[in-house]
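Novice: Sending over a structure as structure tokens; questions will come in a sec.
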Amino acid sequence: MESMIAPPVRVDAFAKVTGSAQFAADFVFPGLAYASVVTSHIARGRIVRFELTCARAVDGVLGVFTHADLGNAIAHVPHLMAGGYANSSALPLGSAEIHYAGQIVALVVAQTQQAADEAAARIEIDYEVDEAALDLDDPRALTEPLAAAHEGYKDVCTGDAPAAYASAAVRIDATYRTPIQHHNPIELFSTTCVWDGPHLTVYDTSRYLGAVKHGLARQLDMDARDVRVVCPFIGGHFGSKLALAQYTAPIAWAARRLGRPVRFVATRAQCFSLANHRAMSRHRIRLGATREGRITSLLHDAEASTSRFDSFAMEGTDVTASLYGIANVQASERLVRIDSNTPGPMRAPPEVPYLFALESAIDELATKLAMDPIELRRLNDTSVDYLTGRPFVPRSLMPCFDAGAIAFDWARRRAAPTRVGDWLVGLGCASAARPAKVGPAVVRVVLSANGRVRVDTSHHEIGNGLYTILAMTAAAALAVPIERIDVRLGDTALPPAGISGGSSTTGSLVPALDRACAMLLRKMGEIGGAGIHIEDSGGVGQWMARAGIDELAATAESGAPEALDRLRHGKLALSTIDDSPRWVFGAQFAEVQVHAVTREIRVLRLLGAFAGGRIVNRTTALNQLRGGMTWGLGSALLEETVTDRASGRYLNDNLEEYLLPVAADVPQVDALFVAMPEDDALPLMGLGEIGVIGVNAAIANAIRHATEMRVRQTPIRVDALWEENENDAAPSSTSSPGSPVRDSGFIGFL
């Protein structure tokens, strides 16, 4: 059931299109100075000498700072996902040691941005270089079980997967790889630090302002009550802008030392190393099945890169192990420590790479069994999580496939490839699934004498329509025209709210807002204003004057006491909604064409069917799903961050060479909602990430259907389909993951 308020035009649209909406780097202050940073050109080693004379001679330079100046002035804080606050535990400007290419090694502050940039360009640095490990195959990398690095993590083991695999009538053994990828939101990363005596206000592009507030207080040895963080709008993050960035504390330190506000805006190239990225990963999937298609065994061995100094990892085998009804499952995860900056969440962090592997392997099994891929999934569908024994609430995977198959006209798919002129046509599908998450939140609702209602919370508007969703919710709960609702977000002076992540925003804030509105109505009744219509400003004003109050406020919380305590201290506090496996499901469909001669790949159509529970705003939800599906196309065919083997630096750290899908790459993207009988009775579940999951596998499966060639590494590009395949053999674990493998007989055009 949707809100009783019809989806309006975005309430923040006018501010955004007219430029009056202020993002973090838009605030202007008297005496504002500008910062530029210098980053390392090596991946591992140490600084042995600076030459700073020319930099300090630039007109307008206020200060040039290195580790010799900061040293221990900034305290260490752990990574957000290790109980701390930061997106990286490496201390910027803390010592002469270099941990990765792109690490901040010097900071310049000047009267103008041009002067700061010129001075930074004049700094000369000599390094002592050590050999660096840069990928999963490097012998200098350190591989360790995830269980050794993450307390509480355990590898999955149920039944006897190796024995069931060995005795299976049909087996698949294949390895899949995904590369480093970067988020690249349009808004660059920035911070502006302003001191007022002992009080610090920071205008920061972060998706968890509470972590910035408390982390900065810890780093600068301050009382957290003296730190305020402001960010009314975020120009996209998709998982970057994780929490407390590495540059914020040095900028605050410089602003205090210079006695004036200082702003830093990273360049596009610097965003690649100052923020996090999707880790590169490798997955060996082994499936054992009966000849009728019943999967009897799954073994999933996963490896993902991380930095030397953090143990960041987004566990993903919990999803692959539970997605289907497989009695014998064994899954292990390992961290591979290389000399890079710390990875981080990237929209649908574990599901995008982990389900690319599993859903590709499921398609390989369907091909080997000569079975329709949807029917193979139907045969192995389950209403119960085999790992916990608990029922899914609800289990909506096959309803998504059924609805999607009809809308996509899956019935036209034939086992053999179809050719239209010089183009080979292929259809592919894949499952999308992720556990629903929720976080604690505190929301305040304020009724003023003029009849306006204000909603306050420090959560973040990232472009997903949060201002509109909260205004709609309050309007519906209080029976007030939406034009009378004012929403304030992105300020730690407001009631605390958690991280914008895990598709948890709507499911966390809307219940708290509903409670706050109910409390406000009760307060009105207790004071004697129950018969007053809030939209009648004159009546409200007269009633409040008679009651002797200027405004009436109600504050409500959602979340367990422990989670709320973590929230108030800026700690991460996401969790599953309850003890039941409550997942968001979807089915992804792709139609592709591959040119018989040039191997050019074209995606003709994407369609996704999603069971997301109760939909608050259909317009914003559809936009998120379509955007996620478009990003999934980029994950499948385009996106890859390339590392220079000599220096460790990212080579394509710009929007010219880091390939992203544009309108011409996506002719048609359709998303539809699949309603379930339980929707109205269940908690809200987020849709922000489900749209991107499974798209890469659906496209890879469609390419295989068109060409009978299997590419097990993303991004899938023309060169992979150009490589000659000498062995006309079935997939095996020894095949190169970047090379195509023919699933069946030779096709003449190849």
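If you're wondering about the labels, chains in the structure tokens are A, B, ... by order shown, residues count from 1 in each chain, ligands from 1 in order shown.
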What's the 9 Å shell around range 629-634 of chain A, counting only C-alpha atoms, without same-chain residues fewer than 3 positions away, as a JSON list (two decimals) with all heavy atoms, in the first residue's frame?

Specialist:
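Now in part.json:
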```json
[["chain", "number", "residue", "atom", "x", "y", "z"],
["A", 352, "VAL", "N", 27.03, -7.85, -5.64],
["A", 352, "VAL", "CA", 27.37, -7.66, -7.05],
["A", 352, "VAL", "C", 28.46, -8.62, -7.51],
["A", 352, "VAL", "O", 28.29, -9.32, -8.51],
["A", 352, "VAL", "CB", 27.74, -6.19, -7.33],
["A", 352, "VAL", "CG1", 28.41, -6.03, -8.68],
["A", 352, "VAL", "CG2", 26.49, -5.32, -7.27],
["A", 588, "GLN", "N", 16.49, -10.44, -12.80],
["A", 588, "GLN", "CA", 17.04, -9.58, -13.84],
["A", 588, "GLN", "C", 17.02, -10.30, -15.18],
["A", 588, "GLN", "O", 17.36, -11.48, -15.27],
["A", 588, "GLN", "CB", 18.49, -9.19, -13.50],
["A", 588, "GLN", "CG", 18.65, -8.50, -12.15],
["A", 588, "GLN", "CD", 18.32, -7.02, -12.20],
["A", 588, "GLN", "OE1", 17.74, -6.53, -13.18],
["A", 588, "GLN", "NE2", 18.68, -6.30, -11.16],
["A", 603, "VAL", "N", 23.60, -3.99, -25.64],
["A", 603, "VAL", "CA", 22.49, -4.38, -24.77],
["A", 603, "VAL", "C", 21.24, -3.70, -25.31],
["A", 603, "VAL", "O", 21.14, -2.47, -25.35],
["A", 603, "VAL", "CB", 22.75, -3.98, -23.31],
["A", 603, "VAL", "CG1", 21.52, -4.27, -22.45],
["A", 603, "VAL", "CG2", 23.97, -4.71, -22.77],
["A", 606, "LEU", "N", 17.03, -4.15, -20.80],
["A", 606, "LEU", "CA", 17.13, -4.69, -19.45],
["A", 606, "LEU", "C", 15.76, -4.61, -18.81],
["A", 606, "LEU", "O", 15.04, -3.62, -18.97],
["A", 606, "LEU", "CB", 18.13, -3.89, -18.60],
["A", 606, "LEU", "CG", 19.60, -3.88, -19.02],
["A", 606, "LEU", "CD1", 20.39, -2.95, -18.13],
["A", 606, "LEU", "CD2", 20.18, -5.29, -18.98],
["A", 607, "LEU", "N", 15.39, -5.66, -18.11],
["A", 607, "LEU", "CA", 14.14, -5.65, -17.35],
["A", 607, "LEU", "C", 14.38, -6.31, -16.01],
["A", 607, "LEU", "O", 15.01, -7.37, -15.94],
["A", 607, "LEU", "CB", 13.03, -6.39, -18.10],
["A", 607, "LEU", "CG", 11.66, -6.38, -17.39],
["A", 607, "LEU", "CD1", 10.53, -6.17, -18.38],
["A", 607, "LEU", "CD2", 11.42, -7.68, -16.61],
["A", 608, "GLY", "N", 13.89, -5.67, -14.97],
["A", 608, "GLY", "CA", 13.99, -6.24, -13.63],
["A", 608, "GLY", "C", 12.63, -6.26, -12.96],
["A", 608, "GLY", "O", 11.85, -5.32, -13.08],
["A", 624, "GLN", "N", 15.36, 4.69, -8.62],
["A", 624, "GLN", "CA", 16.51, 4.01, -8.02],
["A", 624, "GLN", "C", 16.76, 2.67, -8.68],
["A", 624, "GLN", "O", 17.91, 2.28, -8.92],
["A", 624, "GLN", "CB", 16.29, 3.83, -6.52],
["A", 624, "GLN", "CG", 16.38, 5.11, -5.73],
["A", 624, "GLN", "CD", 16.66, 4.85, -4.26],
["A", 624, "GLN", "OE1", 17.70, 4.35, -3.87],
["A", 624, "GLN", "NE2", 15.69, 5.18, -3.42],
["A", 625, "LEU", "N", 15.70, 1.93, -8.97],
["A", 625, "LEU", "CA", 15.86, 0.62, -9.59],
["A", 625, "LEU", "C", 16.45, 0.75, -10.98],
["A", 625, "LEU", "O", 17.39, 0.02, -11.35],
["A", 625, "LEU", "CB", 14.51, -0.11, -9.64],
["A", 625, "LEU", "CG", 13.94, -0.52, -8.29],
["A", 625, "LEU", "CD1", 12.53, -1.07, -8.45],
["A", 625, "LEU", "CD2", 14.83, -1.56, -7.61],
["A", 626, "ARG", "N", 15.93, 1.66, -11.77],
["A", 626, "ARG", "CA", 16.45, 1.84, -13.13],
["A", 626, "ARG", "C", 17.90, 2.31, -13.11],
["A", 626, "ARG", "O", 18.73, 1.89, -13.92],
["A", 626, "ARG", "CB", 15.57, 2.82, -13.91],
["A", 626, "ARG", "CG", 14.17, 2.29, -14.21],
["A", 626, "ARG", "CD", 13.42, 3.27, -15.10],
["A", 626, "ARG", "NE", 12.06, 2.81, -15.36],
["A", 626, "ARG", "CZ", 10.96, 3.49, -15.03],
["A", 626, "ARG", "NH1", 11.07, 4.66, -14.41],
["A", 626, "ARG", "NH2", 9.76, 3.02, -15.31],
["A", 637, "LEU", "N", 30.03, -4.58, -18.50],
["A", 637, "LEU", "CA", 30.68, -4.34, -19.78],
["A", 637, "LEU", "C", 31.75, -3.24, -19.78],
["A", 637, "LEU", "O", 32.57, -3.20, -20.70],
["A", 637, "LEU", "CB", 29.63, -3.97, -20.84],
["A", 637, "LEU", "CG", 28.52, -4.99, -21.11],
["A", 637, "LEU", "CD1", 27.59, -4.47, -22.18],
["A", 637, "LEU", "CD2", 29.10, -6.34, -21.51],
["A", 638, "LEU", "N", 31.75, -2.36, -18.80],
["A", 638, "LEU", "CA", 32.56, -1.16, -18.93],
["A", 638, "LEU", "C", 33.52, -0.90, -17.78],
["A", 638, "LEU", "O", 34.69, -0.57, -17.99],
["A", 638, "LEU", "CB", 31.64, 0.07, -19.09],
["A", 638, "LEU", "CG", 30.72, 0.07, -20.32],
["A", 638, "LEU", "CD1", 29.75, 1.24, -20.23],
["A", 638, "LEU", "CD2", 31.54, 0.15, -21.59],
["A", 639, "GLU", "N", 33.07, -1.01, -16.55],
["A", 639, "GLU", "CA", 33.80, -0.43, -15.43],
["A", 639, "GLU", "C", 34.97, -1.30, -14.96],
["A", 639, "GLU", "O", 34.78, -2.46, -14.60],
["A", 639, "GLU", "CB", 32.86, -0.16, -14.26],
["A", 639, "GLU", "CG", 31.84, 0.94, -14.57],
["A", 639, "GLU", "CD", 31.16, 1.44, -13.32],
["A", 639, "GLU", "OE1", 31.87, 1.78, -12.35],
["A", 639, "GLU", "OE2", 29.92, 1.48, -13.30],
["A", 659, "LEU", "N", 35.34, 4.04, -17.83],
["A", 659, "LEU", "CA", 34.17, 3.97, -18.70],
["A", 659, "LEU", "C", 32.90, 3.77, -17.88],
["A", 659, "LEU", "O", 32.80, 2.87, -17.04],
["A", 659, "LEU", "CB", 34.34, 2.82, -19.70],
["A", 659, "LEU", "CG", 35.59, 2.90, -20.58],
["A", 659, "LEU", "CD1", 35.65, 1.72, -21.53],
["A", 659, "LEU", "CD2", 35.63, 4.22, -21.35],
["A", 660, "LEU", "N", 31.90, 4.60, -18.17],
["A", 660, "LEU", "CA", 30.60, 4.53, -17.51],
["A", 660, "LEU", "C", 29.51, 4.48, -18.57],
["A", 660, "LEU", "O", 29.66, 5.06, -19.65],
["A", 660, "LEU", "CB", 30.39, 5.76, -16.62],
["A", 660, "LEU", "CG", 31.31, 5.90, -15.41],
["A", 660, "LEU", "CD1", 31.22, 7.30, -14.85],
["A", 660, "LEU", "CD2", 30.96, 4.88, -14.34],
["A", 661, "PRO", "N", 28.40, 3.81, -18.29],
["A", 661, "PRO", "CA", 27.32, 3.77, -19.28],
["A", 661, "PRO", "C", 26.65, 5.13, -19.43],
["A", 661, "PRO", "O", 26.45, 5.85, -18.45],
["A", 661, "PRO", "CB", 26.35, 2.73, -18.72],
["A", 661, "PRO", "CG", 26.63, 2.69, -17.25],
["A", 661, "PRO", "CD", 28.09, 2.99, -17.11],
["A", 662, "VAL", "N", 26.34, 5.47, -20.66],
["A", 662, "VAL", "CA", 25.60, 6.70, -20.96],
["A", 662, "VAL", "C", 24.28, 6.31, -21.62],
["A", 662, "VAL", "O", 24.00, 5.13, -21.83],
["A", 662, "VAL", "CB", 26.42, 7.63, -21.86],
["A", 662, "VAL", "CG1", 27.68, 8.08, -21.14],
["A", 662, "VAL", "CG2", 26.79, 6.95, -23.17],
["A", 665, "ASP", "N", 24.08, 3.76, -24.35],
["A", 665, "ASP", "CA", 24.40, 2.37, -24.00],
["A", 665, "ASP", "C", 23.19, 1.62, -23.46],
["A", 665, "ASP", "O", 23.24, 0.39, -23.32],
["A", 665, "ASP", "CB", 25.50, 2.34, -22.93],
["A", 665, "ASP", "CG", 26.80, 2.92, -23.44],
["A", 665, "ASP", "OD1", 27.20, 2.55, -24.55],
["A", 665, "ASP", "OD2", 27.42, 3.73, -22.72],
["A", 666, "VAL", "N", 22.13, 2.34, -23.11],
["A", 666, "VAL", "CA", 21.00, 1.73, -22.42],
["A", 666, "VAL", "C", 19.71, 2.12, -23.13],
["A", 666, "VAL", "O", 18.99, 3.02, -22.68],
["A", 666, "VAL", "CB", 20.94, 2.18, -20.94],
["A", 666, "VAL", "CG1", 20.01, 1.30, -20.14],
["A", 666, "VAL", "CG2", 22.33, 2.16, -20.32],
["A", 669, "VAL", "N", 15.32, 0.36, -20.32],
["A", 669, "VAL", "CA", 15.44, -0.20, -18.98],
["A", 669, "VAL", "C", 14.06, -0.16, -18.34],
["A", 669, "VAL", "O", 13.48, 0.92, -18.17],
["A", 669, "VAL", "CB", 16.45, 0.59, -18.12],
["A", 669, "VAL", "CG1", 16.53, -0.03, -16.72],
["A", 669, "VAL", "CG2", 17.82, 0.61, -18.77],
["A", 670, "ASP", "N", 13.55, -1.32, -18.02],
["A", 670, "ASP", "CA", 12.21, -1.42, -17.41],
["A", 670, "ASP", "C", 12.34, -2.07, -16.03],
["A", 670, "ASP", "O", 13.07, -3.04, -15.85],
["A", 670, "ASP", "CB", 11.28, -2.27, -18.28],
["A", 670, "ASP", "CG", 11.10, -1.69, -19.67],
["A", 670, "ASP", "OD1", 10.80, -0.49, -19.77],
["A", 670, "ASP", "OD2", 11.28, -2.44, -20.66],
["A", 671, "ALA", "N", 11.59, -1.53, -15.07],
["A", 671, "ALA", "CA", 11.52, -2.12, -13.74],
["A", 671, "ALA", "C", 10.07, -2.23, -13.34],
["A", 671, "ALA", "O", 9.26, -1.34, -13.64],
["A", 671, "ALA", "CB", 12.29, -1.27, -12.73],
["A", 690, "ILE", "N", 19.08, -3.20, -4.60],
["A", 690, "ILE", "CA", 18.67, -4.43, -5.28],
["A", 690, "ILE", "C", 18.72, -4.28, -6.80],
["A", 690, "ILE", "O", 18.94, -5.25, -7.53],
["A", 690, "ILE", "CB", 17.25, -4.86, -4.82],
["A", 690, "ILE", "CG1", 16.93, -6.28, -5.29],
["A", 690, "ILE", "CG2", 16.20, -3.88, -5.29],
["A", 690, "ILE", "CD1", 17.75, -7.35, -4.65],
["A", 691, "GLY", "N", 18.57, -3.06, -7.32],
["A", 691, "GLY", "CA", 18.52, -2.87, -8.76],
["A", 691, "GLY", "C", 19.80, -3.23, -9.48],
["A", 691, "GLY", "O", 19.77, -3.65, -10.65],
["A", 692, "VAL", "N", 20.96, -3.08, -8.84],
["A", 692, "VAL", "CA", 22.23, -3.35, -9.51],
["A", 692, "VAL", "C", 22.62, -4.82, -9.43],
["A", 692, "VAL", "O", 23.42, -5.31, -10.23],
["A", 692, "VAL", "CB", 23.36, -2.47, -8.89],
["A", 692, "VAL", "CG1", 23.65, -2.89, -7.47],
["A", 692, "VAL", "CG2", 24.61, -2.51, -9.74],
["A", 693, "ILE", "N", 22.02, -5.56, -8.50],
["A", 693, "ILE", "CA", 22.45, -6.94, -8.24],
["A", 693, "ILE", "C", 21.97, -7.85, -9.37],
["A", 693, "ILE", "O", 20.80, -7.81, -9.77],
["A", 693, "ILE", "CB", 21.89, -7.44, -6.89],
["A", 693, "ILE", "CG1", 22.40, -6.54, -5.76],
["A", 693, "ILE", "CG2", 22.29, -8.88, -6.63],
["A", 693, "ILE", "CD1", 21.70, -6.78, -4.43],
["A", 694, "GLY", "N", 22.85, -8.68, -9.87],
["A", 694, "GLY", "CA", 22.48, -9.69, -10.86],
["A", 694, "GLY", "C", 22.50, -9.22, -12.29],
["A", 694, "GLY", "O", 22.45, -10.05, -13.21],
["A", 695, "VAL", "N", 22.58, -7.91, -12.54],
["A", 695, "VAL", "CA", 22.57, -7.42, -13.92],
["A", 695, "VAL", "C", 23.81, -7.90, -14.66],
["A", 695, "VAL", "O", 23.74, -8.31, -15.82],
["A", 695, "VAL", "CB", 22.47, -5.88, -13.96],
["A", 695, "VAL", "CG1", 22.49, -5.38, -15.40],
["A", 695, "VAL", "CG2", 21.20, -5.41, -13.26],
["A", 696, "ASN", "N", 24.98, -7.84, -13.99],
["A", 696, "ASN", "CA", 26.20, -8.29, -14.67],
["A", 696, "ASN", "C", 26.12, -9.75, -15.07],
["A", 696, "ASN", "O", 26.53, -10.14, -16.18],
["A", 696, "ASN", "CB", 27.44, -8.02, -13.81],
["A", 696, "ASN", "CG", 27.31, -8.52, -12.38],
["A", 696, "ASN", "OD1", 26.39, -9.24, -12.03],
["A", 696, "ASN", "ND2", 28.25, -8.12, -11.54],
["A", 699, "ILE", "N", 23.64, -10.21, -18.09],
["A", 699, "ILE", "CA", 24.26, -9.82, -19.36],
["A", 699, "ILE", "C", 25.29, -10.86, -19.79],
["A", 699, "ILE", "O", 25.36, -11.24, -20.97],
["A", 699, "ILE", "CB", 24.88, -8.42, -19.24],
["A", 699, "ILE", "CG1", 23.77, -7.37, -19.09],
["A", 699, "ILE", "CG2", 25.76, -8.10, -20.44],
["A", 699, "ILE", "CD1", 24.27, -5.96, -18.81],
["A", 715, "PRO", "N", 35.14, -6.44, -16.61],
["A", 715, "PRO", "CA", 34.10, -6.22, -17.60],
["A", 715, "PRO", "C", 34.32, -7.08, -18.84],
["A", 715, "PRO", "O", 35.46, -7.39, -19.21],
["A", 715, "PRO", "CB", 34.24, -4.74, -17.95],
["A", 715, "PRO", "CG", 35.70, -4.45, -17.69],
["A", 715, "PRO", "CD", 36.09, -5.31, -16.52]]
```

Novice: Nearest to Ala512 in chain A among A:Ile499, A:Val443, A:Ile47, A:Val616, with distances taken over only C-alpha atoms: which residue is it?

Specialist: A:Val443

Novice: Thr320 in chain A: which residues within 12 Å, counting only C-alpha atoms, same-chain residues fewer than 5 positions away excluded, as a PyMOL selection string?

Specialist: chain A and resi 156+283+285+287+298-302+315+325-326+329-333+350-359+361-362+385-387+431-435

Novice: In terms of the shortest atom-to-atom distance over only C-alpha atoms, which of A:Ala327, A:Arg207, A:Val594, A:Thr296 is closest to Cys157 in chain A?

Specialist: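 Looking at the shortest contact to Cys157 in chain A, the residue is A:Ala327.
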
Novice: With only C-alpha atoms as the counted atoms, please give the residues lying no more than 12 Å from Asp135 in chain A, apart from itself and same-chain residues fewer than 3 positions off, as a PyMOL selection string.

Specialist: chain A and resi 132+138-143+177-180+279-282+303-307+335-340+642-645+648

Novice: Range 22-27 of chain A: which residues within 8 Å, counting only C-alpha atoms, same-chain residues fewer than 2 positions away excluded, as a PDB file with C-alpha atoms, in the first residue's frame?

Specialist:
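Saved file result-v9.pdb follows:
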```pdb
ATOM      1  CA  GLY A  19      21.161  26.312  -7.652  1.00  0.00           C
ATOM      2  CA  SER A  20      19.924  27.495  -4.280  1.00  0.00           C
ATOM      3  CA  PHE A  29      32.900  32.369   4.806  1.00  0.00           C
ATOM      4  CA  SER A 190      35.328  18.017   0.018  1.00  0.00           C
ATOM      5  CA  THR A 191      35.528  19.471   3.494  1.00  0.00           C
ATOM      6  CA  THR A 192      35.409  23.031   4.862  1.00  0.00           C
ATOM      7  CA  TYR A 203      30.899  21.194   6.043  1.00  0.00           C
ATOM      8  CA  ASP A 204      31.709  17.722   4.799  1.00  0.00           C
ATOM      9  CA  THR A 205      30.670  15.349   2.011  1.00  0.00           C
ATOM     10  CA  VAL A 230      26.778  19.964   8.185  1.00  0.00           C
ATOM     11  CA  CYS A 231      25.838  18.458   4.828  1.00  0.00           C
ATOM     12  CA  PRO A 232      22.275  19.265   3.647  1.00  0.00           C
ATOM     13  CA  PHE A 233      22.738  17.578   0.255  1.00  0.00           C
ATOM     14  CA  ILE A 234      25.118  14.969  -1.141  1.00  0.00           C
ATOM     15  CA  GLY A 235      25.694  14.805  -4.883  1.00  0.00           C
ATOM     16  CA  ARG A 263      38.316  24.421   2.266  1.00  0.00           C
ATOM     17  CA  VAL A 265      37.996  19.920  -2.697  1.00  0.00           C
TER      18      VAL A 265
END
```

Novice: Give the answer as one residue: which of A:Ser635, A:Thr714, A:Ser500, A:Ser89 has the shortest atom-to-atom distance to Phe238 in chain A, using only C-alpha atoms?

Specialist: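 Of A:Ser635, A:Thr714, A:Ser500, A:Ser89, the one nearest Phe238 in chain A is A:Ser500, counting only C-alpha atoms.
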
Novice: Pick out each residue of range 121-214 of chain A that DSSP on the backbone tags as strand (DSSP E); I need them as an NGL selection string.

Specialist: :A and (124-129 or 142-145 or 156-158 or 170-178 or 190-196 or 199-204)

Novice: For Met524 in chain A, which residue among A:Ile549, A:Ala217, A:Lys368, A:Tyr100 is the nearest when counting only C-alpha atoms?

Specialist: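 Of all the options, A:Ile549 lies closest to Met524 in chain A.
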
Novice: Taking the DSSP secondary structure from the backbone, can you list the residues of range 326-456 of chain A that are helix (DSSP H, G or I), as a ChimeraX atom specification?

Specialist: /A:351-369,373-379,397-408,410-412

Novice: What is the distance between CA of Phe673 in chain A and CA of Ile482 in chain A, in Å to one decimal?

Specialist: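 Calculated distance between CA of Phe673 in chain A and CA of Ile482 in chain A is 25.4 Å.
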
Novice: Counting only C-alpha atoms, what is within 9 Å of Gly215 in chain A, bar same-chain residues fewer than 5 positions away, as a list in words?

Specialist: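 Answer for this query is Val77, Gly84, Tyr85, Ala86, Gly210, Leu220, Ala224, Ala243, Leu244 and Gly570 of chain A.
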
Novice: Within 10 Å of Val229 in chain A, counting only C-alpha atoms, which residues show up once you throw out same-chain ones fewer than 5 positions away? Write them as a list in words, please.

Specialist: Ala24, Thr191, Thr192, Cys193, Leu200, Thr201, Val202, Tyr203, Asp204, Thr205, Ser206, Tyr208, Leu209, Gly210, Ala211, Val212, Lys213, His214, Leu216, Ser458, Gly490, Asp491, Thr492 and Ala493 of chain A

Novice: For each of A:Ala681, A:Val480, A:Leu188, A:Val711, take the minimum atom-to-atom distance to Asp536 in chain A, counting only C-alpha atoms, then give the residue where this is smallest.

Specialist: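 Result for the nearest residue to Asp536 in chain A: A:Val480.
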
Novice: Determine the nearest neighbour of Leu622 in chain A from the options A:Ala609, A:Ile42, A:Leu521, A:Val446, counting only C-alpha atoms.

Specialist: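 Among the listed residues, the smallest separation from Leu622 in chain A belongs to A:Ala609.
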